[in-house]
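A short worksheet on the structure shown next.
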Amino acid sequence: MDFAHSPRAQDLRQRLEAFMQRYVLPYNPAWHASVQAGVYPPPFLEDLKTLAREEGLWNLFLPALRSDEPGTRLCNLDYAPLAEVMGRVHWAPEVFNCSAPDTGNMELLHRFANPAQRTQWLEPLLNGQMRSAFAMSEPDVASSDPTNLQTTVRREGDQLVLNGRKWFITGVAHPQCKLLIVMCRNSADADGAEGAEAGVHHQHSMVLVPLDTPGVQVVRNISVVHHHSPEGHCEIVLRDVRVSADCLLGDWGAGFRMAQARLGPGRVHHCMRAIGQCELALELATERTLERQVFGKYLSDFSNVQDWIAESRMEIDQARLLVLQVAWMLDQVPGGIEPGALRAQIAAIKVVAARLQSRVVDRAMQVFGAMGLSPDTPLAFFWTWGRALHLMDGPDEVHLRTVARHELAQGRARGGSTAAYFTTPEQLNAPARIR
């Protein structure tokens with residue numbers, strides 16, 4: 001198990017950091033000013049995207065890209081440090097065509113789209129000519145259990161008809177968002193084969209829905225802990241939405257399996273971006289403690305502040321190693337990694353990253369005092385996003401259950417073999433025997 005970055009990944013990271021310093025950071029104030037003025041995306045964003053593509057910093061993921069598709073084809077382990085760098089500026093991934101949920105949607109289309117769907121949707125996404133959204137969570141059911149989802153799809157002649165409500169759908173408010181990938185429950189009256197006769201993990205399908213299809217209504221852009229995202233976390237109503245049967249992605253009833261397929265790499269991306277934000281929060285806090293005085297001493301002289309800095313450093317490094325391990329494991333599939341172990345580790349990093357961001361950013365905000373609550377630093381946004389991470393992609397409790405179930409299954413498989421480590425009074429009084 002080797003977490004060392006390849007020479008190519010190291011080169012790309014250096015180039016990416018240089019690009020961020022030279023182009024992205026100088027435009028950061030202009031990005032915020034443009035968004036506050038209601039101009040989104042900012043007019044300079046396309047120029048930055050063109051520069052990034054010219055410098056080979058484009059589609060830095062998707063190891064299975066074909067030779068005729070634009071991108072770097074990095075493995076998960078090599079992409080992870082790049083996601084960390086991009087995470088330091090929350091709008092930076094779009095510059096490199098690495099924004100969520102586009103990355104996961106491109107992976108879905110790359111794996112399951114038919115040739116016509118690839119031409120219509122995947123190629124524009126790979127070229128950064130459009131954005132997309134993944135519509136899964138719903139307000140009326142506990143979406144932490146995807147088998148609960150109630151948005152329905154039924155076959156009607158050569159059409160698919162969708163009805164339901166989705167919310168907190170990222171990216172829908174982006175003016176260039178053209179595609180919804182909608183997770184739907186198969187209507188039981190479609191063929192008579194769905195519903196109770198199908199297993200709970202075979203009752204859902206994914207449908208490609210153009211955002212401008214009649215019946216698709218974007219109700220609102222929901223603020224997240226009072227943070228308003230210009231690209232949106234939207235509530236959507238689907239009311240008798242009709243699309244061609246050719247808009248089915250993959251097989252009928254395979255929606256749950258396909259959702260799982262996009263899960264692992266996407267979670268690595270999320271977690272590494274979170275770690276990048278935590279690194280920046282720690283850097284900001286450390287520099288603040290060295291320049292801020294209170295009661296005649298620098299903040300850095302107080303032992304409790306030193307403890308915050310040390311604990312943040314250790315926790316960031318621990319989290320990074322765990323995420324890199326999962327990235328390495330994903331790159332080994334199907335090379336002998338036990339599926340249950342991989343699922344448990346993917347669940348674990350989501351919990352670890354959310355807890356990490358909440359703790360590290362909270363400490364940094366405390367160091368900054370009132371300024372940490374303001375928009376003058378990125379800390380308030382980082383904290384908001386860290387709090388959201390405890391719920392996004394499933395609440396922490398669901399992922400803890402996944403980890404626990406794996407450990408309990410291993411315990412059952414051991415069949416009490418750990419009893420050899422106990423020492424009872426009877427054993428102490430018995431003569432030693434060598435078997």
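We label chains A, B, ... in the order they appear in the structure tokens, count residues from 1 in each chain, and number ligands from 1 in the order shown.
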
Contact table range 275-361 of chain A vs range 67-86 of chain A, cut-off 8 Å, shortest pair per residue, only C-alpha atoms, as a tab-separated table:
residue	atom	partner	partner_atom	distance
A:Ile275	CA	A:Glu84	CA	6.1
A:Gly276	CA	A:Glu84	CA	4.3
A:Gln277	CA	A:Glu84	CA	7.7
A:Leu324	CA	A:Leu77	CA	6.2
A:Ala327	CA	A:Leu77	CA	4.8
A:Trp328	CA	A:Leu77	CA	5.4
A:Leu330	CA	A:Asn76	CA	7.0
A:Asp331	CA	A:Asn76	CA	6.2

> Can you list, as a list in words, every protein, DNA or RNA residue that comes within 8 Å of range 381-394 of chain A when you count only C-alpha atoms, leaving out same-chain residues fewer than 2 positions away?
Replying inline: Ser143, Ser144, Val224, Val225, His227, Ala274, Gln277, Lys350, Val351, Ala353, Ala354, Arg355, Gln357, Ser358, Val361, Asp362, Pro375, Pro378, Leu379, Asp396, Val398 and His399 of chain A

Export of the given selection (C-alpha atoms) as a JSON list (two decimals), in the first residue's frame:
[["chain", "number", "residue", "atom", "x", "y", "z"],
["A", 143, "SER", "CA", -33.59, 10.02, 1.62],
["A", 144, "SER", "CA", -30.85, 8.51, 3.78],
["A", 224, "VAL", "CA", -27.96, 26.21, 3.42],
["A", 225, "VAL", "CA", -27.61, 27.53, 7.00],
["A", 227, "HIS", "CA", -25.71, 30.64, 2.89],
["A", 274, "ALA", "CA", -12.89, 19.40, 2.63],
["A", 277, "GLN", "CA", -10.48, 23.83, 3.20],
["A", 350, "LYS", "CA", -17.48, 10.74, 4.84],
["A", 351, "VAL", "CA", -18.00, 10.85, 8.61],
["A", 353, "ALA", "CA", -14.26, 14.52, 6.80],
["A", 354, "ALA", "CA", -17.46, 16.12, 8.11],
["A", 355, "ARG", "CA", -16.29, 15.92, 11.72],
["A", 357, "GLN", "CA", -14.21, 20.26, 8.98],
["A", 358, "SER", "CA", -16.58, 21.12, 11.82],
["A", 361, "VAL", "CA", -12.98, 25.45, 11.11],
["A", 362, "ASP", "CA", -14.74, 26.06, 14.42],
["A", 375, "PRO", "CA", -17.74, 37.23, 5.01],
["A", 378, "PRO", "CA", -13.79, 32.09, 3.93],
["A", 379, "LEU", "CA", -14.23, 30.54, 7.37],
["A", 396, "ASP", "CA", -23.34, 10.43, 9.62],
["A", 398, "VAL", "CA", -26.16, 5.88, 8.36],
["A", 399, "HIS", "CA", -22.47, 5.69, 7.54]]

> Could you pull the residues within 12 Å of Met329 in chain A, counting only C-alpha atoms, minus those fewer than 5 positions along the same chain, as a list in words?
Replying inline: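 Listing them by chain and then by number gives Met1, Asp2, Phe3, Cys75, Asn76, Leu77, Gly264, Pro265, Val268, Leu322, Val323, Leu324, Pro334, Gly335, Gly336, Ile337, Glu338, Pro339, Gly340, Ala341, Leu342, Arg343, Ala344, Gln345 and Ile346 of chain A.
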
>> List as a PyMOL selection string the protein and nucleic acid residues near Val243 in chain A, meaning an atom at most 12 Å away when only C-alpha atoms are counted, but skip any in the same chain fewer than 6 places from it.
In response: chain A and resi 153-163+180+182+207-216

Could you name the residues that touch Ser312 in chain A at 10 Å or less, counting only C-alpha atoms, but leaving out those on the same chain fewer than 2 positions away, as an mmCIF file with C-alpha atoms, in the first residue's frame?
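As a result, selection.cif now contains:
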data_model
loop_
_atom_site.group_PDB
_atom_site.id
_atom_site.type_symbol
_atom_site.label_atom_id
_atom_site.label_comp_id
_atom_site.auth_asym_id
_atom_site.auth_seq_id
_atom_site.Cartn_x
_atom_site.Cartn_y
_atom_site.Cartn_z
ATOM 1 C CA CYS A 278 -9.297 22.597 6.593
ATOM 2 C CA GLU A 279 -5.672 23.155 5.607
ATOM 3 C CA ALA A 281 -8.436 27.261 7.852
ATOM 4 C CA LEU A 282 -5.464 26.053 9.876
ATOM 5 C CA GLN A 306 -1.471 25.827 20.888
ATOM 6 C CA ASP A 307 -3.549 22.719 21.628
ATOM 7 C CA TRP A 308 -6.090 23.780 18.959
ATOM 8 C CA ILE A 309 -3.328 24.161 16.395
ATOM 9 C CA ALA A 310 -1.690 20.827 17.273
ATOM 10 C CA MET A 314 -2.953 15.825 13.679
ATOM 11 C CA GLU A 315 -6.603 15.429 12.720
ATOM 12 C CA ILE A 316 -6.058 16.768 9.184
ATOM 13 C CA ASP A 317 -3.158 14.394 8.598
ATOM 14 C CA GLN A 318 -5.095 11.436 9.980
ATOM 15 C CA LEU A 356 -12.859 17.208 10.757
ATOM 16 C CA GLN A 357 -14.214 20.264 8.977
ATOM 17 C CA ARG A 359 -13.804 20.940 14.427
ATOM 18 C CA VAL A 360 -10.950 22.588 12.536
ATOM 19 C CA VAL A 361 -12.984 25.454 11.105
ATOM 20 C CA ARG A 363 -11.363 26.467 16.125
ATOM 21 C CA ALA A 364 -10.186 28.837 13.400
#

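When CA of Val35 in chain A is paired with CA of Gly171 in chain A, their separation reads 14.8 Å.
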
>> Need the shell around Pro139 in chain A: protein/DNA/RNA residues with any atom at most 8 Å away, counting only C-alpha atoms. Skip same-chain ones fewer than 6 positions apart. Format as a PyMOL selection string?
In response: chain A and resi 165-167

Could the residues in this selection be written to a file with C-alpha atoms, as a compact mmCIF listing (two decimals), in the first residue's frame?
# COMPACT_ATOMS: atom_id res chain seq x y z
CA ARG A 165 -40.56 16.36 -5.92
CA LYS A 166 -36.81 16.67 -5.31
CA TRP A 167 -34.88 19.11 -3.16
